[in-house]
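K.L.:
My file is run_23.pdb. It has PDB, C-alpha atoms:
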ATOM      1  CA  MET G   1     -20.022   9.617  23.747
ATOM      2  CA  THR G   2     -22.923  10.503  21.466
ATOM      3  CA  PRO G   3     -25.633   7.825  21.546
ATOM      4  CA  ASP G   4     -26.707   5.780  18.553
ATOM      5  CA  THR G   5     -28.673   6.977  15.533
ATOM      6  CA  ASP G   6     -31.980   5.872  17.090
ATOM      7  CA  SER G   7     -31.426   8.204  20.060
ATOM      8  CA  VAL G   8     -30.357  11.079  17.819
ATOM      9  CA  ARG G   9     -33.451  10.568  15.624
ATOM     10  CA  ARG G  10     -35.680  10.604  18.713
ATOM     11  CA  TRP G  11     -34.011  13.822  19.943
ATOM     12  CA  ALA G  12     -34.316  15.551  16.563
ATOM     13  CA  GLU G  13     -37.969  14.587  16.166
ATOM     14  CA  ASP G  14     -38.767  15.847  19.689
ATOM     15  CA  ILE G  15     -36.979  19.153  19.047
ATOM     16  CA  LEU G  16     -38.675  19.599  15.656
ATOM     17  CA  HIS G  17     -42.056  18.930  17.252
ATOM     18  CA  GLN G  18     -41.366  21.741  19.755
ATOM     19  CA  LEU G  19     -40.266  24.005  16.918
ATOM     20  CA  GLY G  20     -43.529  23.426  15.068
ATOM     21  CA  ALA G  21     -42.004  21.596  12.118
ATOM     22  CA  PHE G  22     -44.162  22.129   9.091
ATOM     23  CA  PRO G  23     -44.760  20.277   5.810
ATOM     24  CA  ALA G  24     -41.738  19.714   3.588
ATOM     25  CA  HIS G  25     -39.240  19.502   6.427
ATOM     26  CA  THR G  26     -37.333  16.306   5.870
ATOM     27  CA  LEU G  27     -35.029  14.907   8.504
ATOM     28  CA  GLY G  28     -32.087  12.704   7.550
ATOM     29  CA  ILE G  29     -29.891  10.875  10.057
ATOM     30  CA  THR G  30     -26.688   9.317   8.749
ATOM     31  CA  GLU G  31     -24.008   7.468  10.665
ATOM     32  CA  VAL G  32     -20.545   8.801   9.864
ATOM     33  CA  ALA G  33     -17.739   6.279  10.078
ATOM     34  CA  ASP G  34     -14.116   7.032  10.835
ATOM     35  CA  THR G  35     -12.852   8.296   7.480
ATOM     36  CA  GLU G  36      -9.322   7.059   8.073
ATOM     37  CA  ALA G  37     -10.553   3.559   8.809
ATOM     38  CA  THR G  38     -12.758   3.475   5.707
ATOM     39  CA  GLY G  39     -10.441   5.240   3.307
ATOM     40  CA  TYR G  40     -13.300   7.514   2.218
ATOM     41  CA  THR G  41     -12.168  10.683   0.501
ATOM     42  CA  ALA G  42     -14.708  13.464   0.812
ATOM     43  CA  ASN G  43     -15.759  15.390  -2.279
ATOM     44  CA  ALA G  44     -16.664  18.994  -1.519
ATOM     45  CA  ASN G  45     -18.907  19.086  -4.589
ATOM     46  CA  GLY G  46     -20.528  15.737  -3.936
ATOM     47  CA  PRO G  47     -24.162  15.208  -3.033
ATOM     48  CA  GLY G  48     -25.430  15.439   0.524
ATOM     49  CA  PRO G  49     -27.207  12.609   2.284
ATOM     50  CA  GLU G  50     -30.136  11.162   0.384
ATOM     51  CA  LEU G  51     -33.265  12.535   2.005
ATOM     52  CA  PRO G  52     -36.656  10.868   1.996
ATOM     53  CA  ALA G  53     -39.622  12.631   0.419
ATOM     54  CA  GLY G  54     -42.966  12.828   2.096
ATOM     55  CA  ASP G  55     -45.921  14.984   2.945
ATOM     56  CA  ALA G  56     -45.735  14.494   6.714
ATOM     57  CA  ALA G  57     -44.702  17.390   8.943
ATOM     58  CA  PHE G  58     -41.296  15.779   8.763
ATOM     59  CA  ALA G  59     -40.055  12.326   7.981
ATOM     60  CA  SER G  60     -37.025  10.579   9.317
ATOM     61  CA  SER G  61     -34.835   7.887   7.932
ATOM     62  CA  LEU G  62     -31.895   5.991   9.247
ATOM     63  CA  GLU G  63     -29.315   5.242   6.650
ATOM     64  CA  PRO G  64     -26.170   3.742   8.178
ATOM     65  CA  ARG G  65     -23.306   4.449   5.816
ATOM     66  CA  PRO G  66     -20.187   2.649   7.000
ATOM     67  CA  ASP G  67     -18.186   4.287   4.202
ATOM     68  CA  GLY G  68     -19.350   7.834   5.050
ATOM     69  CA  GLY G  69     -20.599   8.234   1.449
ATOM     70  CA  GLY G  70     -22.843  11.144   0.698
ATOM     71  CA  VAL G  71     -21.934  13.222   3.743
ATOM     72  CA  PRO G  72     -20.723  16.738   2.866
ATOM     73  CA  ALA G  73     -16.968  17.226   2.943
ATOM     74  CA  TRP G  74     -16.990  19.840   5.679
ATOM     75  CA  THR G  75     -18.217  17.229   8.148
ATOM     76  CA  MET G  76     -15.480  14.801   7.311
ATOM     77  CA  ASP G  77     -12.806  15.615   9.852
ATOM     78  CA  GLY G  78     -11.847  12.058  10.630
ATOM     79  CA  GLN G  79     -14.229  11.747  13.569
ATOM     80  CA  PRO G  80     -17.060   9.239  13.556
ATOM     81  CA  GLY G  81     -20.476  10.319  14.729
ATOM     82  CA  VAL G  82     -23.946  11.058  13.452
ATOM     83  CA  PHE G  83     -24.798  13.605  10.753
ATOM     84  CA  VAL G  84     -28.257  15.191  10.978
ATOM     85  CA  THR G  85     -29.760  17.035   8.018
ATOM     86  CA  LEU G  86     -32.929  19.107   7.932
ATOM     87  CA  SER G  87     -34.110  19.830   4.405
ATOM     88  CA  HIS G  88     -36.659  22.550   3.640
ATOM     89  CA  GLU G  89     -39.373  22.778   1.002
ATOM     90  CA  ASP G  90     -37.304  25.236  -1.066
ATOM     91  CA  GLY G  91     -34.488  22.703  -1.403
ATOM     92  CA  SER G  92     -32.188  24.342   1.139
ATOM     93  CA  SER G  93     -30.880  22.299   4.017
ATOM     94  CA  VAL G  94     -28.821  22.541   7.153
ATOM     95  CA  GLY G  95     -26.751  19.850   8.785
ATOM     96  CA  VAL G  96     -24.793  19.199  11.927
ATOM     97  CA  HIS G  97     -22.170  16.570  12.704
ATOM     98  CA  LEU G  98     -22.491  15.220  16.237
ATOM     99  CA  HIS G  99     -19.075  13.752  16.998
ATOM    100  CA  ARG G 100     -18.882  10.530  19.015
ATOM    101  CA  THR G 101     -16.613  12.372  21.460
ATOM    102  CA  MET G 102     -19.446  14.711  22.485
ATOM    103  CA  SER G 103     -21.487  14.027  25.592
ATOM    104  CA  ALA G 104     -25.195  13.408  25.072
ATOM    105  CA  SER G 105     -25.907  16.780  26.695
ATOM    106  CA  GLU G 106     -23.523  18.609  24.345
ATOM    107  CA  ALA G 107     -25.008  16.809  21.337
ATOM    108  CA  VAL G 108     -28.620  17.624  22.260
ATOM    109  CA  THR G 109     -27.744  21.283  22.922
ATOM    110  CA  LEU G 110     -25.930  21.646  19.593
ATOM    111  CA  LEU G 111     -28.693  19.801  17.725
ATOM    112  CA  ALA G 112     -31.381  22.043  19.260
ATOM    113  CA  ASP G 113     -29.390  25.175  18.428
ATOM    114  CA  VAL G 114     -28.866  24.206  14.781
ATOM    115  CA  LEU G 115     -32.440  22.980  14.214
ATOM    116  CA  GLN G 116     -33.911  26.061  15.926
ATOM    117  CA  GLU G 117     -31.817  28.380  13.745
ATOM    118  CA  ALA G 118     -32.885  26.509  10.599
ATOM    119  CA  VAL G 119     -36.567  26.717  11.500
ATOM    120  CA  LEU G 120     -36.259  30.407  12.511
ATOM    121  CA  GLU G 121     -34.728  31.243   9.134
ATOM    122  CA  ASN G 122     -37.369  29.267   7.292
ATOM    123  CA  THR G 123     -40.258  30.891   9.220
ATOM    124  CA  GLU G 124     -38.806  34.393   8.833
ATOM    125  CA  GLY G 125     -38.082  34.773  12.525
ATOM    126  CA  THR G 126     -41.235  33.488  14.198
ATOM    127  CA  PRO G 127     -39.976  32.725  17.722
ATOM    128  CA  VAL G 128     -39.983  28.981  18.269
ATOM    129  CA  PRO G 129     -40.315  27.505  20.720
ATOM    130  CA  ALA G 130     -42.111  30.331  22.481
ATOM    131  CA  CYS G 131     -40.312  31.919  25.416
ATOM    132  CA  PRO G 132     -43.052  32.302  28.055
ATOM    133  CA  GLY G 133     -44.136  35.919  28.276
ATOM    134  CA  HIS G 134     -41.586  37.216  25.744
ATOM    135  CA  PRO G 135     -41.532  37.937  21.990
ATOM    136  CA  HIS G 136     -38.194  36.161  21.451
ATOM    137  CA  PRO G 137     -37.252  32.479  21.316
ATOM    138  CA  PRO G 138     -35.220  30.865  24.092
ATOM    139  CA  THR G 139     -31.639  29.793  23.436
ATOM    140  CA  ALA G 140     -30.277  26.259  23.648
ATOM    141  CA  GLU G 141     -27.732  25.998  26.467
ATOM    142  CA  GLU G 142     -26.294  23.344  28.717
ATOM    143  CA  VAL G 143     -27.298  24.223  32.296
ATOM    144  CA  SER G 144     -25.727  22.105  35.041
ATOM    145  CA  GLY G 145     -25.202  19.285  32.539
ATOM    146  CA  VAL G 146     -28.793  19.400  31.243
ATOM    147  CA  PRO G 147     -29.571  20.540  27.676
ATOM    148  CA  SER G 148     -32.025  23.372  28.279
ATOM    149  CA  TRP G 149     -34.047  26.108  26.624
ATOM    150  CA  THR G 150     -33.089  29.329  28.403
ATOM    151  CA  CYS G 151     -34.622  32.793  28.243
ATOM    152  CA  PRO G 152     -31.859  35.122  26.966
ATOM    153  CA  ARG G 153     -33.144  37.867  29.266
ATOM    154  CA  GLY G 154     -32.649  35.998  32.524
ATOM    155  CA  GLY G 155     -36.016  34.278  32.563
ATOM    156  CA  ARG G 156     -36.797  30.670  33.136
ATOM    157  CA  THR G 157     -34.969  27.557  31.984
ATOM    158  CA  TRP G 158     -36.526  24.201  31.052
ATOM    159  CA  PRO G 159     -35.196  20.937  29.579
ATOM    160  CA  ILE G 160     -34.984  20.721  25.798
ATOM    161  CA  LEU G 161     -36.062  17.078  25.623
ATOM    162  CA  SER G 162     -39.430  15.807  26.717
ATOM    163  CA  PRO G 163     -39.264  12.835  29.127
ATOM    164  CA  THR G 164     -40.165  10.387  26.336
ATOM    165  CA  ALA G 165     -37.297  11.547  24.087
ATOM    166  CA  ARG G 166     -34.524  11.194  26.676
TER     167      ARG G 166
END
Could you quickly redo this structure as C-alpha cells?
P.N.:
Amino acid sequence: MTPDTDSVRRWAEDILHQLGAFPAHTLGITEVADTEATGYTANANGPGPELPAGDAAFASSLEPRPDGGGVPAWTMDGQPGVFVTLSHEDGSSVGVHLHRTMSASEAVTLLADVLQEAVLENTEGTPVPACPGHPHPPTAEEVSGVPSWTCPRGGRTWPILSPTAR
C-alpha cells in the first residue's frame, strides 16, 4: 500500500533534488479519495490541482482533497491514492497517480521515472541524474524489491532514495 502524502512528498523532493530541480518547478501532492465513495464525477476539461507559486527550486504543498476535486479525469479510475504534479515554468505539467494498491517500491520507481522524464524534457535531454562514466541518464527500475537507478548499459545500480527520504 502506498504510504501517506507526507512520505510521497519526501520521496518526490528527494528525487527532484537528485534531478537538479531548477526555479519554477512546482510540486503538488494531492490525496485522491475513492471516487465511488465520494460520488465525485471527473471533468476531463476541469482544472488540475491548484499549485503553489514560489521562487524556490521547487515548492511542495499538501492539499488533502477528500472529494477528489481538481484532479484530472484520467487519474480518476475509482482507486484512491496520491496524485503528484510537477509544473514547469512554461505552464506545462506532468502528473502521476500512485494507487494505494501499489507497494512503496513500485510507487517510488514510477514516481522517479515520471519525474525524471519531465525534467529531461524540460532540460532538453541533459542526463539527470548522471550515470557514472556515461553520457546517458540511468533508468528507474525495481531491483530485488528496491527502487533503483540502473545504468541501461549494464553498469551499476544504486538506490533511488537517499537514506533520509526512505
K.L.:
Between atom CA of Asp4 of chain G and atom CA of Gly28 of chain G, what is the distance in Å, rounded to a tenth?
P.N.:
14.1 Å
K.L.:
Quick one: distance from atom CA of Ala118 of chain G to atom CA of Thr157 of chain G in Å, one decimal?
P.N.:
21.5 Å
K.L.:
I'd like to know which of G:Ala12, G:Ala140, G:Ala130, G:Val32 is closest to Glu117 of chain G, using only C-alpha atoms.
P.N.:
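Looking at the shortest contact to Glu117 of chain G, the residue is G:Ala140.
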K.L.:
If you count all atoms listed in the file, which residues fall within 12 Å of Thr150 of chain G, apart from same-chain ones fewer than 6 positions away, as number ranges by chain?
P.N.:
G: 109, 112-113, 129-132, 134, 136-143, 156-160
K.L.:
Between G:Asp6, G:Glu124, G:Asp14, G:Glu31, which is the closest to Val96 of chain G once you count all atoms listed in the file?
P.N.:
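Closest residue, counting all atoms listed in the file: G:Glu31.
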K.L.:
Between atom CA of Val146 of chain G and atom CA of Thr5 of chain G, what is the spacing in Å?
P.N.:
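Atom CA of Thr5 of chain G sits 20.0 Å away from atom CA of Val146 of chain G.
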K.L.:
I'd like to see the residues matched by the PyMOL selection byres ((chain G and resi 94) around 10) on this file, and ideally I'd get them as a ChimeraX atom specification.
P.N.:
/G:27,84-88,92-93,95-96,114-115,117-119
K.L.:
For the selection just defined, write its residues with C-alpha atoms to a file, as a CSV table (one decimal), in the frame of the given file.
P.N.:
chain,number,residue,atom,x,y,z
G,27,LEU,CA,-35.0,14.9,8.5
G,84,VAL,CA,-28.3,15.2,11.0
G,85,THR,CA,-29.8,17.0,8.0
G,86,LEU,CA,-32.9,19.1,7.9
G,87,SER,CA,-34.1,19.8,4.4
G,88,HIS,CA,-36.7,22.6,3.6
G,92,SER,CA,-32.2,24.3,1.1
G,93,SER,CA,-30.9,22.3,4.0
G,95,GLY,CA,-26.8,19.8,8.8
G,96,VAL,CA,-24.8,19.2,11.9
G,114,VAL,CA,-28.9,24.2,14.8
G,115,LEU,CA,-32.4,23.0,14.2
G,117,GLU,CA,-31.8,28.4,13.7
G,118,ALA,CA,-32.9,26.5,10.6
G,119,VAL,CA,-36.6,26.7,11.5
K.L.:
When distances are computed from all atoms listed in the file, which of G:Pro3, G:Pro163, G:Pro135, G:Gly155 shows the smallest separation from Met102 of chain G?
P.N.:
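Looking at the shortest contact to Met102 of chain G, the residue is G:Pro3.
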K.L.:
Could you write out as a VMD selection string the residues that the PyMOL selection byres ((chain G and resi 100) around 8) matches in the shown file?
P.N.:
chain G and resid 1 to 3 79 to 82 98 to 99 101 to 103
K.L.:
Which residue out of G:Leu19, G:Ala33, G:Val108, G:Leu120 has the minimum interatomic distance to Gly145 of chain G when all atoms listed in the file are used?
P.N.:
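Using all atoms listed in the file, the shortest distance to Gly145 of chain G belongs to G:Val108.
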K.L.:
Starting from the incomplete input, reconstruct N, CA, C and O atoms of segment 103-128 of chain G and report them as a PDB file, in the coordinates of the input.
P.N.:
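Result went into selection_32.pdb, see below:
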ATOM      1  N   SER G 103     -20.557  14.617  24.630  1.00  0.00           N
ATOM      2  CA  SER G 103     -21.487  14.027  25.592  1.00  0.00           C
ATOM      3  C   SER G 103     -22.892  14.132  25.007  1.00  0.00           C
ATOM      4  O   SER G 103     -23.143  14.935  24.100  1.00  0.00           O
ATOM      5  N   ALA G 104     -23.808  13.346  25.539  1.00  0.00           N
ATOM      6  CA  ALA G 104     -25.195  13.408  25.072  1.00  0.00           C
ATOM      7  C   ALA G 104     -25.751  14.808  25.289  1.00  0.00           C
ATOM      8  O   ALA G 104     -26.458  15.349  24.429  1.00  0.00           O
ATOM      9  N   SER G 105     -25.421  15.440  26.406  1.00  0.00           N
ATOM     10  CA  SER G 105     -25.907  16.780  26.695  1.00  0.00           C
ATOM     11  C   SER G 105     -25.385  17.797  25.685  1.00  0.00           C
ATOM     12  O   SER G 105     -26.130  18.650  25.197  1.00  0.00           O
ATOM     13  N   GLU G 106     -24.099  17.713  25.358  1.00  0.00           N
ATOM     14  CA  GLU G 106     -23.523  18.609  24.345  1.00  0.00           C
ATOM     15  C   GLU G 106     -24.184  18.387  22.991  1.00  0.00           C
ATOM     16  O   GLU G 106     -24.485  19.349  22.276  1.00  0.00           O
ATOM     17  N   ALA G 107     -24.404  17.132  22.631  1.00  0.00           N
ATOM     18  CA  ALA G 107     -25.008  16.809  21.337  1.00  0.00           C
ATOM     19  C   ALA G 107     -26.433  17.332  21.235  1.00  0.00           C
ATOM     20  O   ALA G 107     -26.815  17.922  20.223  1.00  0.00           O
ATOM     21  N   VAL G 108     -27.235  17.145  22.274  1.00  0.00           N
ATOM     22  CA  VAL G 108     -28.620  17.624  22.260  1.00  0.00           C
ATOM     23  C   VAL G 108     -28.646  19.147  22.172  1.00  0.00           C
ATOM     24  O   VAL G 108     -29.430  19.728  21.414  1.00  0.00           O
ATOM     25  N   THR G 109     -27.790  19.816  22.925  1.00  0.00           N
ATOM     26  CA  THR G 109     -27.744  21.283  22.922  1.00  0.00           C
ATOM     27  C   THR G 109     -27.364  21.804  21.542  1.00  0.00           C
ATOM     28  O   THR G 109     -28.013  22.720  21.012  1.00  0.00           O
ATOM     29  N   LEU G 110     -26.347  21.230  20.936  1.00  0.00           N
ATOM     30  CA  LEU G 110     -25.930  21.646  19.593  1.00  0.00           C
ATOM     31  C   LEU G 110     -27.025  21.353  18.578  1.00  0.00           C
ATOM     32  O   LEU G 110     -27.349  22.199  17.729  1.00  0.00           O
ATOM     33  N   LEU G 111     -27.617  20.179  18.644  1.00  0.00           N
ATOM     34  CA  LEU G 111     -28.693  19.801  17.725  1.00  0.00           C
ATOM     35  C   LEU G 111     -29.861  20.778  17.840  1.00  0.00           C
ATOM     36  O   LEU G 111     -30.382  21.261  16.828  1.00  0.00           O
ATOM     37  N   ALA G 112     -30.271  21.104  19.064  1.00  0.00           N
ATOM     38  CA  ALA G 112     -31.381  22.043  19.260  1.00  0.00           C
ATOM     39  C   ALA G 112     -31.037  23.421  18.702  1.00  0.00           C
ATOM     40  O   ALA G 112     -31.866  24.064  18.043  1.00  0.00           O
ATOM     41  N   ASP G 113     -29.818  23.875  18.925  1.00  0.00           N
ATOM     42  CA  ASP G 113     -29.390  25.175  18.428  1.00  0.00           C
ATOM     43  C   ASP G 113     -29.447  25.235  16.907  1.00  0.00           C
ATOM     44  O   ASP G 113     -29.992  26.179  16.325  1.00  0.00           O
ATOM     45  N   VAL G 114     -28.908  24.226  16.247  1.00  0.00           N
ATOM     46  CA  VAL G 114     -28.866  24.206  14.781  1.00  0.00           C
ATOM     47  C   VAL G 114     -30.272  24.072  14.195  1.00  0.00           C
ATOM     48  O   VAL G 114     -30.634  24.796  13.259  1.00  0.00           O
ATOM     49  N   LEU G 115     -31.081  23.161  14.738  1.00  0.00           N
ATOM     50  CA  LEU G 115     -32.440  22.980  14.214  1.00  0.00           C
ATOM     51  C   LEU G 115     -33.294  24.221  14.464  1.00  0.00           C
ATOM     52  O   LEU G 115     -34.074  24.633  13.598  1.00  0.00           O
ATOM     53  N   GLN G 116     -33.150  24.847  15.634  1.00  0.00           N
ATOM     54  CA  GLN G 116     -33.911  26.061  15.926  1.00  0.00           C
ATOM     55  C   GLN G 116     -33.541  27.162  14.931  1.00  0.00           C
ATOM     56  O   GLN G 116     -34.414  27.837  14.391  1.00  0.00           O
ATOM     57  N   GLU G 117     -32.267  27.348  14.685  1.00  0.00           N
ATOM     58  CA  GLU G 117     -31.817  28.380  13.745  1.00  0.00           C
ATOM     59  C   GLU G 117     -32.375  28.120  12.343  1.00  0.00           C
ATOM     60  O   GLU G 117     -32.830  29.042  11.666  1.00  0.00           O
ATOM     61  N   ALA G 118     -32.364  26.859  11.922  1.00  0.00           N
ATOM     62  CA  ALA G 118     -32.885  26.509  10.599  1.00  0.00           C
ATOM     63  C   ALA G 118     -34.377  26.806  10.487  1.00  0.00           C
ATOM     64  O   ALA G 118     -34.842  27.348   9.483  1.00  0.00           O
ATOM     65  N   VAL G 119     -35.124  26.470  11.520  1.00  0.00           N
ATOM     66  CA  VAL G 119     -36.567  26.717  11.500  1.00  0.00           C
ATOM     67  C   VAL G 119     -36.841  28.219  11.584  1.00  0.00           C
ATOM     68  O   VAL G 119     -37.710  28.738  10.884  1.00  0.00           O
ATOM     69  N   LEU G 120     -36.084  28.952  12.413  1.00  0.00           N
ATOM     70  CA  LEU G 120     -36.259  30.407  12.511  1.00  0.00           C
ATOM     71  C   LEU G 120     -36.039  31.077  11.159  1.00  0.00           C
ATOM     72  O   LEU G 120     -36.796  31.965  10.765  1.00  0.00           O
ATOM     73  N   GLU G 121     -34.998  30.672  10.452  1.00  0.00           N
ATOM     74  CA  GLU G 121     -34.728  31.243   9.134  1.00  0.00           C
ATOM     75  C   GLU G 121     -35.832  30.910   8.149  1.00  0.00           C
ATOM     76  O   GLU G 121     -36.219  31.734   7.336  1.00  0.00           O
ATOM     77  N   ASN G 122     -36.348  29.705   8.232  1.00  0.00           N
ATOM     78  CA  ASN G 122     -37.369  29.267   7.292  1.00  0.00           C
ATOM     79  C   ASN G 122     -38.736  29.870   7.600  1.00  0.00           C
ATOM     80  O   ASN G 122     -39.580  29.949   6.729  1.00  0.00           O
ATOM     81  N   THR G 123     -38.968  30.293   8.842  1.00  0.00           N
ATOM     82  CA  THR G 123     -40.258  30.891   9.220  1.00  0.00           C
ATOM     83  C   THR G 123     -40.147  32.404   9.330  1.00  0.00           C
ATOM     84  O   THR G 123     -41.033  33.054   9.887  1.00  0.00           O
ATOM     85  N   GLU G 124     -39.049  32.953   8.824  1.00  0.00           N
ATOM     86  CA  GLU G 124     -38.806  34.393   8.833  1.00  0.00           C
ATOM     87  C   GLU G 124     -38.835  34.986  10.232  1.00  0.00           C
ATOM     88  O   GLU G 124     -39.363  36.063  10.463  1.00  0.00           O
ATOM     89  N   GLY G 125     -38.291  34.251  11.185  1.00  0.00           N
ATOM     90  CA  GLY G 125     -38.082  34.773  12.525  1.00  0.00           C
ATOM     91  C   GLY G 125     -39.188  34.557  13.537  1.00  0.00           C
ATOM     92  O   GLY G 125     -39.107  35.095  14.635  1.00  0.00           O
ATOM     93  N   THR G 126     -40.210  33.781  13.206  1.00  0.00           N
ATOM     94  CA  THR G 126     -41.235  33.488  14.198  1.00  0.00           C
ATOM     95  C   THR G 126     -40.567  32.789  15.370  1.00  0.00           C
ATOM     96  O   THR G 126     -39.888  31.775  15.170  1.00  0.00           O
ATOM     97  N   PRO G 127     -40.700  33.320  16.594  1.00  0.00           N
ATOM     98  CA  PRO G 127     -39.976  32.725  17.722  1.00  0.00           C
ATOM     99  C   PRO G 127     -40.496  31.339  18.093  1.00  0.00           C
ATOM    100  O   PRO G 127     -41.639  31.183  18.492  1.00  0.00           O
ATOM    101  N   VAL G 128     -39.642  30.357  17.919  1.00  0.00           N
ATOM    102  CA  VAL G 128     -39.983  28.981  18.269  1.00  0.00           C
ATOM    103  C   VAL G 128     -38.799  28.347  18.984  1.00  0.00           C
ATOM    104  O   VAL G 128     -37.666  28.581  18.601  1.00  0.00           O
TER     105      VAL G 128
END
